[in-house]
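J.: The following file, start19.tsv, comprises TSV, C-alpha atoms:
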```tsv
chain	number	residue	atom	x	y	z
N	11	MET	CA	-4.11	31.41	2.17
N	12	SER	CA	-3.46	27.83	1.05
N	13	LEU	CA	-4.23	24.88	3.29
N	14	ASP	CA	-1.25	23.37	5.10
N	15	PRO	CA	-0.34	20.09	3.33
N	16	ALA	CA	-0.22	18.10	6.57
N	17	LEU	CA	-3.69	19.33	7.56
N	18	HIS	CA	-5.00	18.65	4.05
N	19	SER	CA	-3.69	15.09	4.39
N	20	ARG	CA	-5.45	14.66	7.77
N	21	ILE	CA	-8.78	15.75	6.33
N	22	GLN	CA	-8.31	13.68	3.19
N	23	SER	CA	-7.57	10.58	5.28
N	24	LEU	CA	-10.75	11.11	7.30
N	25	LEU	CA	-12.79	11.29	4.12
N	26	ASP	CA	-11.02	8.35	2.49
N	27	ASP	CA	-11.56	6.11	5.52
N	28	ASN	CA	-15.22	7.00	6.14
N	29	LYS	CA	-18.03	7.16	3.62
N	30	VAL	CA	-20.08	9.62	5.69
N	31	VAL	CA	-18.39	12.31	7.78
N	32	LEU	CA	-20.09	15.13	9.67
N	33	PHE	CA	-17.90	18.01	10.84
N	34	MET	CA	-19.90	19.55	13.68
N	35	LYS	CA	-19.75	21.43	16.97
N	36	GLY	CA	-20.01	18.93	19.81
N	37	GLU	CA	-21.03	15.30	19.56
N	38	PRO	CA	-24.20	13.69	18.16
N	39	GLY	CA	-25.50	13.08	21.69
N	40	ALA	CA	-24.74	16.64	22.76
N	41	PRO	CA	-24.54	19.11	19.86
N	42	GLN	CA	-23.09	22.47	20.85
N	43	CYS	CA	-25.06	24.60	18.40
N	44	GLY	CA	-28.51	24.54	16.88
N	45	PHE	CA	-27.24	24.06	13.34
N	46	SER	CA	-25.25	20.98	14.36
N	47	ALA	CA	-28.31	19.66	16.19
N	48	LYS	CA	-30.35	20.01	12.99
N	49	ALA	CA	-27.74	18.15	10.97
N	50	VAL	CA	-27.59	15.35	13.53
N	51	GLY	CA	-31.38	15.08	13.53
N	52	ALA	CA	-31.51	14.88	9.74
N	53	LEU	CA	-28.85	12.16	9.65
N	54	ALA	CA	-30.59	10.27	12.44
N	55	SER	CA	-33.70	10.05	10.27
N	56	THR	CA	-31.74	7.96	7.75
N	57	GLY	CA	-30.46	5.43	10.29
N	58	VAL	CA	-27.03	5.49	8.65
N	59	ALA	CA	-23.88	5.23	10.76
N	60	TYR	CA	-21.42	8.06	10.25
N	61	ARG	CA	-18.15	9.46	11.55
N	62	HIS	CA	-18.41	12.76	13.37
N	63	VAL	CA	-15.60	15.23	13.98
N	64	ASP	CA	-16.00	17.71	16.84
N	65	VAL	CA	-14.35	20.87	15.49
N	66	LEU	CA	-14.53	22.52	18.92
N	67	SER	CA	-11.96	20.07	20.21
N	68	ASP	CA	-9.75	20.42	17.12
N	69	PRO	CA	-9.16	24.08	16.14
N	70	GLU	CA	-6.94	23.07	13.20
N	71	ILE	CA	-9.74	21.02	11.64
N	72	ARG	CA	-12.27	23.74	12.48
N	73	GLU	CA	-10.50	26.25	10.27
N	74	GLY	CA	-8.98	23.78	7.84
N	75	ILE	CA	-12.25	22.16	6.76
N	76	LYS	CA	-13.60	25.58	5.77
N	77	GLN	CA	-10.66	26.01	3.40
N	78	TYR	CA	-10.71	22.40	2.22
N	79	GLY	CA	-14.27	22.51	0.93
N	80	GLU	CA	-14.48	26.26	0.40
N	81	TRP	CA	-17.50	26.29	2.69
N	82	PRO	CA	-17.46	28.97	5.42
N	83	THR	CA	-19.66	27.48	8.13
N	84	ILE	CA	-20.00	24.45	10.40
N	85	PRO	CA	-21.55	21.84	10.26
N	86	GLN	CA	-20.45	20.28	7.00
N	87	LEU	CA	-21.48	16.89	5.67
N	88	TYR	CA	-19.32	14.83	3.31
N	89	ILE	CA	-20.54	11.67	1.56
N	90	GLY	CA	-18.11	9.63	-0.47
N	91	GLY	CA	-15.51	12.36	-0.13
N	92	GLU	CA	-17.79	14.99	-1.66
N	93	LEU	CA	-19.14	18.01	0.21
N	94	VAL	CA	-22.93	17.92	0.54
N	95	GLY	CA	-23.38	21.19	2.42
N	96	GLY	CA	-24.44	22.69	5.73
N	97	SER	CA	-27.40	22.15	8.02
N	98	ASP	CA	-30.05	23.77	5.79
N	99	ILE	CA	-29.08	21.66	2.78
N	100	ILE	CA	-28.81	18.49	4.89
N	101	GLU	CA	-32.26	19.11	6.38
N	102	GLN	CA	-33.83	19.89	3.00
N	103	MET	CA	-32.37	16.73	1.47
N	104	ALA	CA	-33.59	14.63	4.40
N	105	ASN	CA	-37.10	16.07	4.18
N	106	SER	CA	-37.33	15.43	0.44
N	107	GLY	CA	-35.84	11.92	0.64
N	108	GLU	CA	-32.86	12.91	-1.51
N	109	LEU	CA	-30.44	12.32	1.37
N	110	HIS	CA	-31.76	8.78	1.82
N	111	ALA	CA	-31.31	8.12	-1.89
N	112	VAL	CA	-27.71	9.37	-1.84
N	113	LEU	CA	-26.98	7.14	1.14
N	114	GLY	CA	-28.67	4.14	-0.47
N	115	VAL	CA	-31.34	3.62	2.21
N	116	PRO	CA	-35.14	3.34	1.83
N	117	ALA	CA	-37.14	6.51	1.37
N	118	PRO	CA	-38.40	8.06	4.63
N	119	ASP	CA	-41.90	7.59	5.99
N	120	ARG	CA	-43.68	10.87	5.22
N	121	THR	CA	-47.02	9.83	6.70
N	122	PRO	CA	-48.49	12.92	8.41
N	123	PRO	CA	-48.70	12.47	12.18
N	124	GLN	CA	-52.05	12.34	13.91
N	125	ILE	CA	-52.19	15.09	16.53
N	126	SER	CA	-54.99	16.52	18.67
N	127	ILE	CA	-55.74	20.16	19.51
N	128	THR	CA	-58.41	21.03	22.04
N	129	PRO	CA	-61.05	23.61	21.02
N	130	ALA	CA	-59.63	26.16	23.48
N	131	ALA	CA	-56.11	25.80	22.10
N	132	ALA	CA	-57.40	25.79	18.52
N	133	GLN	CA	-59.24	29.07	19.05
N	134	MET	CA	-56.10	30.79	20.31
N	135	LEU	CA	-53.93	29.32	17.53
N	136	ARG	CA	-56.43	30.23	14.80
N	137	GLU	CA	-56.40	33.83	16.01
N	138	ALA	CA	-52.60	33.85	15.89
N	139	VAL	CA	-52.55	32.44	12.35
N	140	SER	CA	-55.19	34.92	11.24
N	141	ASN	CA	-53.27	37.85	12.70
N	142	ALA	CA	-50.15	36.74	10.80
N	143	GLY	CA	-51.92	37.32	7.50
N	144	ASP	CA	-52.68	35.20	4.47
N	145	GLY	CA	-50.53	32.22	3.61
N	146	TYR	CA	-49.43	31.26	7.12
N	147	ALA	CA	-49.71	27.97	8.99
N	148	LEU	CA	-48.75	26.45	12.32
N	149	GLN	CA	-45.20	25.05	12.23
N	150	ILE	CA	-44.41	22.39	14.85
N	151	GLU	CA	-40.82	21.38	15.54
N	152	VAL	CA	-39.97	18.53	17.90
N	153	ASP	CA	-36.29	18.29	18.80
N	154	PRO	CA	-34.37	15.09	19.66
N	155	ARG	CA	-35.28	15.59	23.33
N	156	PHE	CA	-38.96	15.73	22.31
N	157	ASN	CA	-39.30	19.39	23.26
N	158	ALA	CA	-41.92	20.92	21.00
N	159	LYS	CA	-41.80	24.45	19.61
N	160	LEU	CA	-44.78	26.11	17.93
N	161	GLN	CA	-44.40	29.03	15.56
N	162	LEU	CA	-46.06	30.59	12.55
N	163	ALA	CA	-44.52	29.99	9.14
N	164	PRO	CA	-45.49	30.47	5.50
N	165	VAL	CA	-47.48	27.60	4.04
N	166	ASP	CA	-45.00	25.13	2.56
N	167	PRO	CA	-46.59	22.82	-0.03
N	168	ALA	CA	-43.61	20.43	0.32
N	169	ALA	CA	-43.89	20.11	4.09
N	170	ILE	CA	-45.44	17.12	5.85
N	171	ALA	CA	-48.80	18.51	6.98
N	172	THR	CA	-51.88	17.45	8.85
N	173	GLU	CA	-55.20	19.09	9.72
N	174	ALA	CA	-56.55	19.38	13.26
N	175	GLU	CA	-59.47	21.53	14.41
N	176	GLY	CA	-59.35	23.44	11.14
N	177	LEU	CA	-55.65	24.23	11.50
N	178	ARG	CA	-52.88	23.27	9.11
N	179	ALA	CA	-49.91	21.95	11.08
N	180	GLN	CA	-46.61	21.58	9.21
N	181	PHE	CA	-43.62	19.41	10.17
N	182	ASP	CA	-40.15	18.63	8.96
N	183	LEU	CA	-39.39	14.93	8.54
N	184	ALA	CA	-37.79	14.34	11.96
N	185	SER	CA	-40.47	16.32	13.79
N	186	ALA	CA	-43.26	14.44	12.03
N	187	GLN	CA	-41.90	11.13	13.23
N	188	ARG	CA	-41.54	12.41	16.80
N	189	ALA	CA	-44.95	14.11	16.92
N	190	ARG	CA	-47.24	11.12	16.45
N	191	GLY	CA	-49.98	11.33	19.06
N	192	LEU	CA	-48.95	14.80	20.24
N	193	SER	CA	-51.68	16.83	21.97
N	194	ILE	CA	-52.00	20.59	22.44
N	195	ASP	CA	-54.24	22.12	25.11
N	196	TRP	CA	-54.84	25.58	26.52
N	197	VAL	CA	-54.92	25.87	30.31
N	198	ASP	CA	-55.70	28.68	32.72
N	199	ASP	CA	-55.39	27.15	36.18
N	200	GLU	CA	-52.88	26.40	38.94
N	201	ARG	CA	-50.43	25.19	36.27
N	202	GLY	CA	-50.39	28.67	34.75
N	203	ARG	CA	-51.88	30.18	31.63
N	204	GLY	CA	-50.84	29.05	28.19
N	205	LEU	CA	-50.39	26.09	25.88
N	206	VAL	CA	-49.62	22.67	27.32
N	207	ILE	CA	-48.08	20.16	24.93
N	208	GLU	CA	-47.99	16.47	25.75
N	209	ASN	CA	-45.97	14.00	23.68
N	210	PRO	CA	-46.50	10.27	24.33
N	211	ASN	CA	-43.22	9.49	22.53
N	212	ALA	CA	-41.07	11.45	24.99
N	213	PRO	CA	-39.07	9.43	27.54
N	214	PRO	CA	-40.45	9.71	31.09
N	215	LYS	CA	-39.35	12.82	32.92
N	216	VAL	CA	-36.44	12.81	35.36
N	217	THR	CA	-37.77	12.28	38.89
N	218	PRO	CA	-36.24	13.48	42.17
N	219	ILE	CA	-34.84	10.94	44.63
N	220	SER	CA	-33.71	11.63	48.18
N	221	ALA	CA	-30.11	11.06	49.19
N	222	VAL	CA	-31.25	8.50	51.76
N	223	GLU	CA	-33.21	6.43	49.25
N	224	ALA	CA	-30.44	6.68	46.67
N	225	ALA	CA	-27.83	5.50	49.19
N	226	GLU	CA	-29.97	2.53	50.23
N	227	ARG	CA	-30.75	1.47	46.68
N	228	VAL	CA	-27.17	1.84	45.44
N	229	ALA	CA	-25.95	-0.25	48.37
N	230	ALA	CA	-28.57	-2.88	47.54
N	231	GLY	CA	-27.47	-2.96	43.89
N	232	SER	CA	-30.81	-1.82	42.44
N	233	LEU	CA	-29.64	1.63	41.30
N	234	THR	CA	-26.59	2.95	39.44
N	235	LEU	CA	-25.23	6.21	40.84
N	236	VAL	CA	-23.45	8.67	38.54
N	237	ASP	CA	-21.35	11.44	40.08
N	238	VAL	CA	-21.17	14.20	37.49
N	239	ARG	CA	-18.68	16.38	39.40
N	240	PRO	CA	-15.11	16.84	38.13
N	241	ALA	CA	-12.22	14.94	39.70
N	242	GLU	CA	-11.09	17.83	41.90
N	243	GLU	CA	-14.49	17.95	43.63
N	244	ARG	CA	-14.63	14.19	44.04
N	245	GLU	CA	-11.25	14.35	45.77
N	246	VAL	CA	-12.70	16.76	48.32
N	247	ALA	CA	-15.78	14.66	49.03
N	248	SER	CA	-17.09	11.37	47.66
N	249	VAL	CA	-19.88	9.04	48.70
N	250	ASN	CA	-19.00	5.70	50.25
N	251	VAL	CA	-20.99	3.57	47.81
N	252	PRO	CA	-20.15	2.46	44.26
N	253	PHE	CA	-20.59	5.17	41.65
N	254	SER	CA	-19.68	5.92	38.06
N	255	ILE	CA	-18.43	9.14	36.48
N	256	MET	CA	-19.13	11.01	33.25
N	257	GLU	CA	-15.66	11.06	31.76
N	258	GLY	CA	-13.93	9.22	28.92
N	259	GLU	CA	-14.59	5.50	28.68
N	260	ALA	CA	-16.85	5.57	31.74
N	261	LEU	CA	-19.22	7.96	29.96
N	262	ALA	CA	-19.16	5.85	26.81
N	263	HIS	CA	-20.01	2.77	28.91
N	264	LEU	CA	-22.95	4.56	30.55
N	265	GLU	CA	-24.36	5.77	27.24
N	266	ALA	CA	-24.16	2.21	25.85
N	267	LEU	CA	-26.20	0.72	28.72
N	268	PRO	CA	-29.71	-0.61	28.04
N	269	LYS	CA	-32.14	2.28	27.93
N	270	ASP	CA	-34.16	0.89	30.86
N	271	THR	CA	-31.14	0.95	33.21
N	272	GLU	CA	-32.09	2.92	36.32
N	273	LEU	CA	-29.67	5.79	36.92
N	274	ALA	CA	-29.42	8.46	39.61
N	275	PHE	CA	-27.25	11.56	39.10
N	276	LEU	CA	-25.34	13.37	41.82
N	277	CYS	CA	-23.49	16.70	41.98
N	278	HIS	CA	-22.83	19.30	44.68
N	279	HIS	CA	-26.34	20.74	45.06
N	280	GLY	CA	-28.41	19.10	42.32
N	281	ARG	CA	-28.27	21.52	39.39
N	282	ARG	CA	-25.48	20.02	37.26
N	283	SER	CA	-26.82	16.54	37.89
N	284	ALA	CA	-30.25	17.62	36.63
N	285	GLN	CA	-28.65	18.73	33.37
N	286	ALA	CA	-26.75	15.45	33.09
N	287	ALA	CA	-29.94	13.49	33.65
N	288	GLU	CA	-31.65	15.44	30.85
N	289	HIS	CA	-28.76	14.53	28.55
N	290	PHE	CA	-29.45	10.84	29.18
N	291	ARG	CA	-33.18	11.42	28.78
N	292	GLY	CA	-32.39	12.84	25.35
N	293	LEU	CA	-30.56	9.60	24.57
N	294	GLY	CA	-33.75	7.65	25.29
N	295	PHE	CA	-33.13	6.44	28.85
N	296	THR	CA	-36.42	5.90	30.65
N	297	ARG	CA	-35.64	5.48	34.38
N	298	LEU	CA	-33.74	8.52	35.54
N	299	HIS	CA	-33.45	10.29	38.89
N	300	ASN	CA	-31.75	13.39	40.23
N	301	VAL	CA	-30.45	13.26	43.81
N	302	GLU	CA	-32.15	16.17	45.58
N	303	GLY	CA	-29.69	18.49	47.26
N	304	GLY	CA	-26.68	16.65	45.82
N	305	ILE	CA	-23.78	15.49	47.94
N	306	GLU	CA	-24.55	18.29	50.40
N	307	ALA	CA	-27.85	16.57	51.25
N	308	TRP	CA	-26.10	13.19	51.18
N	309	SER	CA	-23.76	14.37	53.94
N	310	GLU	CA	-26.62	15.86	55.96
N	311	THR	CA	-29.09	12.98	55.73
N	312	ALA	CA	-27.49	9.78	54.40
N	313	ASP	CA	-23.86	9.68	55.59
N	314	SER	CA	-22.40	12.28	57.95
N	315	HIS	CA	-18.89	10.96	57.24
N	316	VAL	CA	-19.00	12.53	53.77
N	317	PRO	CA	-17.22	15.91	54.01
N	318	ARG	CA	-19.10	19.09	53.20
N	319	TYR	CA	-17.58	21.85	51.13
```
Using structure tokens, write down the structure that the file contains.

T.:
Amino acid sequence: MSLDPALHSRIQSLLDDNKVVLFMKGEPGAPQCGFSAKAVGALASTGVAYRHVDVLSDPEIREGIKQYGEWPTIPQLYIGGELVGGSDIIEQMANSGELHAVLGVPAPDRTPPQISITPAAAQMLREAVSNAGDGYALQIEVDPRFNAKLQLAPVDPAAIATEAEGLRAQFDLASAQRARGLSIDWVDDERGRGLVIENPNAPPKVTPISAVEAAERVAAGSLTLVDVRPAEEREVASVNVPFSIMEGEALAHLEALPKDTELAFLCHHGRRSAQAAEHFRGLGFTRLHNVEGGIEAWSETADSHVPRY
């Protein structure tokens, strides 16, 4: 089936007006699939600005771009109007430096990261590598939120690699840059039993804040409150202090704030707000709180005039 001329024109205009275009699921700050997240991470390593198109919000483009470039999957990267490929190709080109060359930016820093592995953790990991058979190594991936994943993978001579406690640890380009100073320990105590990974590059964790303290600090102007609930819930019950929302221009304004802006997130009971806070942590914000118990606790402890629902 041929591509509708009007849709072809829409896609062509996007490519004509923007040197670098990524057709993806979601947005760069919140990819909606792992493949899109990989593509975003690879592009982030180049530092190049690009236009993104969320195909989930535009079904016509979602199907049309597959026909346009005769490429069956999403994401898809175009540079100078030419299709580069999907997430695997984008990631491979970023790791090799080819993507940087195509974009006209300096080659990436491929210096292996210095990491530390305690003897207890190294013993367990060596056993795992040995059980996997010959030709395997420890693969460490660190995502944009600085969550680390350890797995076994075939030895890749082209990978960025470092040695620690007799173990070969391999990284892709983005993970190598995020893993500098990473430490791996093995614990068997009140924290549980297993590997504990600490990354000094990760933004500080989201901390809980009581409704009472949040209300006092917002009223004093030392804390920005963000109500993550949809409009219909806010109409039922809202706090009586200034707050922002996570919609449209208001969300864009929040994401553009200085990364040391202190934010507290509020929802009904505290679960959705915790997820919202983690989103901002992934963006690099360093002073984040989640209001414990949400607006329910706010009504119970901070302001009884706030309706409960």

J.: Counting all atoms listed in the file, figure out which residue out of N:Ala230, N:Asp313, N:His62, N:Asn250 gets nearest to N:Ala40.

T.: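 Under the stated criterion, the closest residue is N:His62.
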
J.: Considering all atoms listed in the file, can you say which of N:Gly292, N:Pro252, N:Gly231, N:Pro268 comes closest to N:Pro213?

T.: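 For N:Pro213, the nearest of the candidates is N:Gly292.
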
J.: Set the distance at 10 Å and use all atoms listed in the file: which residues neighbour N:Glu173 once local chain neighbours fewer than 2 positions away are removed? I'd like the list as number ranges by chain.

T.: N: 122-127, 171, 175-180

J.: Would you compute an axis-aligned box for stretch 216-234 of chain N, covering every atom listed for it in the file with 4 Å of margin on each side, and report centre and edge lengths in Å to one decimal as AutoDock Vina command-line options?

T.:
```
--center_x -31.9 --center_y 5.3 --center_z 43.6 --size_x 19.8 --size_y 24.4 --size_z 24.4
```

J.: Need to verify the contact set: N:Arg20, 12 Å, only C-alpha atoms, exclusion of same-chain residues closer than 3 positions in sequence. Can you return it as an NGL selection string?

T.: :N and (13-17 or 23-27 or 63 or 68 or 70-71 or 74-75 or 78)

J.: Using only C-alpha atoms, can you tell me which of N:Arg120, N:Arg244, N:His110, N:Arg282 comes closest to N:Glu302?

T.: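 Once distances to N:Glu302 are computed over only C-alpha atoms, the minimum belongs to N:Arg282.
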
J.: Mind checking which residues fall within 10 Å of stretch 188-199 of chain N, counting all atoms listed in the file, ignoring those fewer than 3 positions away in the same chain, and posting them as a compact mmCIF listing (two decimals) with C-alpha atoms, in the coordinates of the input?

T.:
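Output saved as around.txt:
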```txt
# COMPACT_ATOMS: atom_id res chain seq x y z
CA THR N 121 -47.02 9.83 6.70
CA PRO N 122 -48.49 12.92 8.41
CA PRO N 123 -48.70 12.47 12.18
CA GLN N 124 -52.05 12.34 13.91
CA ILE N 125 -52.19 15.09 16.53
CA SER N 126 -54.99 16.52 18.67
CA ILE N 127 -55.74 20.16 19.51
CA THR N 128 -58.41 21.03 22.04
CA PRO N 129 -61.05 23.61 21.02
CA ALA N 130 -59.63 26.16 23.48
CA ALA N 131 -56.11 25.80 22.10
CA ALA N 132 -57.40 25.79 18.52
CA GLN N 133 -59.24 29.07 19.05
CA MET N 134 -56.10 30.79 20.31
CA LEU N 135 -53.93 29.32 17.53
CA ILE N 150 -44.41 22.39 14.85
CA GLU N 151 -40.82 21.38 15.54
CA VAL N 152 -39.97 18.53 17.90
CA ASP N 153 -36.29 18.29 18.80
CA PRO N 154 -34.37 15.09 19.66
CA ARG N 155 -35.28 15.59 23.33
CA PHE N 156 -38.96 15.73 22.31
CA ASN N 157 -39.30 19.39 23.26
CA ALA N 158 -41.92 20.92 21.00
CA PHE N 181 -43.62 19.41 10.17
CA LEU N 183 -39.39 14.93 8.54
CA ALA N 184 -37.79 14.34 11.96
CA SER N 185 -40.47 16.32 13.79
CA GLY N 202 -50.39 28.67 34.75
CA ARG N 203 -51.88 30.18 31.63
CA GLY N 204 -50.84 29.05 28.19
CA LEU N 205 -50.39 26.09 25.88
CA VAL N 206 -49.62 22.67 27.32
CA ILE N 207 -48.08 20.16 24.93
CA GLU N 208 -47.99 16.47 25.75
CA ASN N 209 -45.97 14.00 23.68
CA PRO N 210 -46.50 10.27 24.33
CA ASN N 211 -43.22 9.49 22.53
CA ALA N 212 -41.07 11.45 24.99
```

J.: Using all atoms listed in the file, find the one residue out of N:Arg61, N:Leu160, N:His263, N:Gln102 that sits nearest to N:Asn28.

T.: N:Arg61

J.: Check the smallest atom-to-atom distance from each of N:Gly304, N:Gly95, N:Gly36, N:Gly90 to N:Phe275 using all atoms listed in the file, then report the winner.

T.: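 Checking each candidate against N:Phe275, we get N:Gly304 as the closest.
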
J.: Which neighbours of N:Leu162 fall inside 7 Å, counting all atoms listed in the file, when residues of the same chain fewer than 5 positions from it are skipped, and could you give them as a PyMOL selection string?

T.: chain N and resi 139+146-149
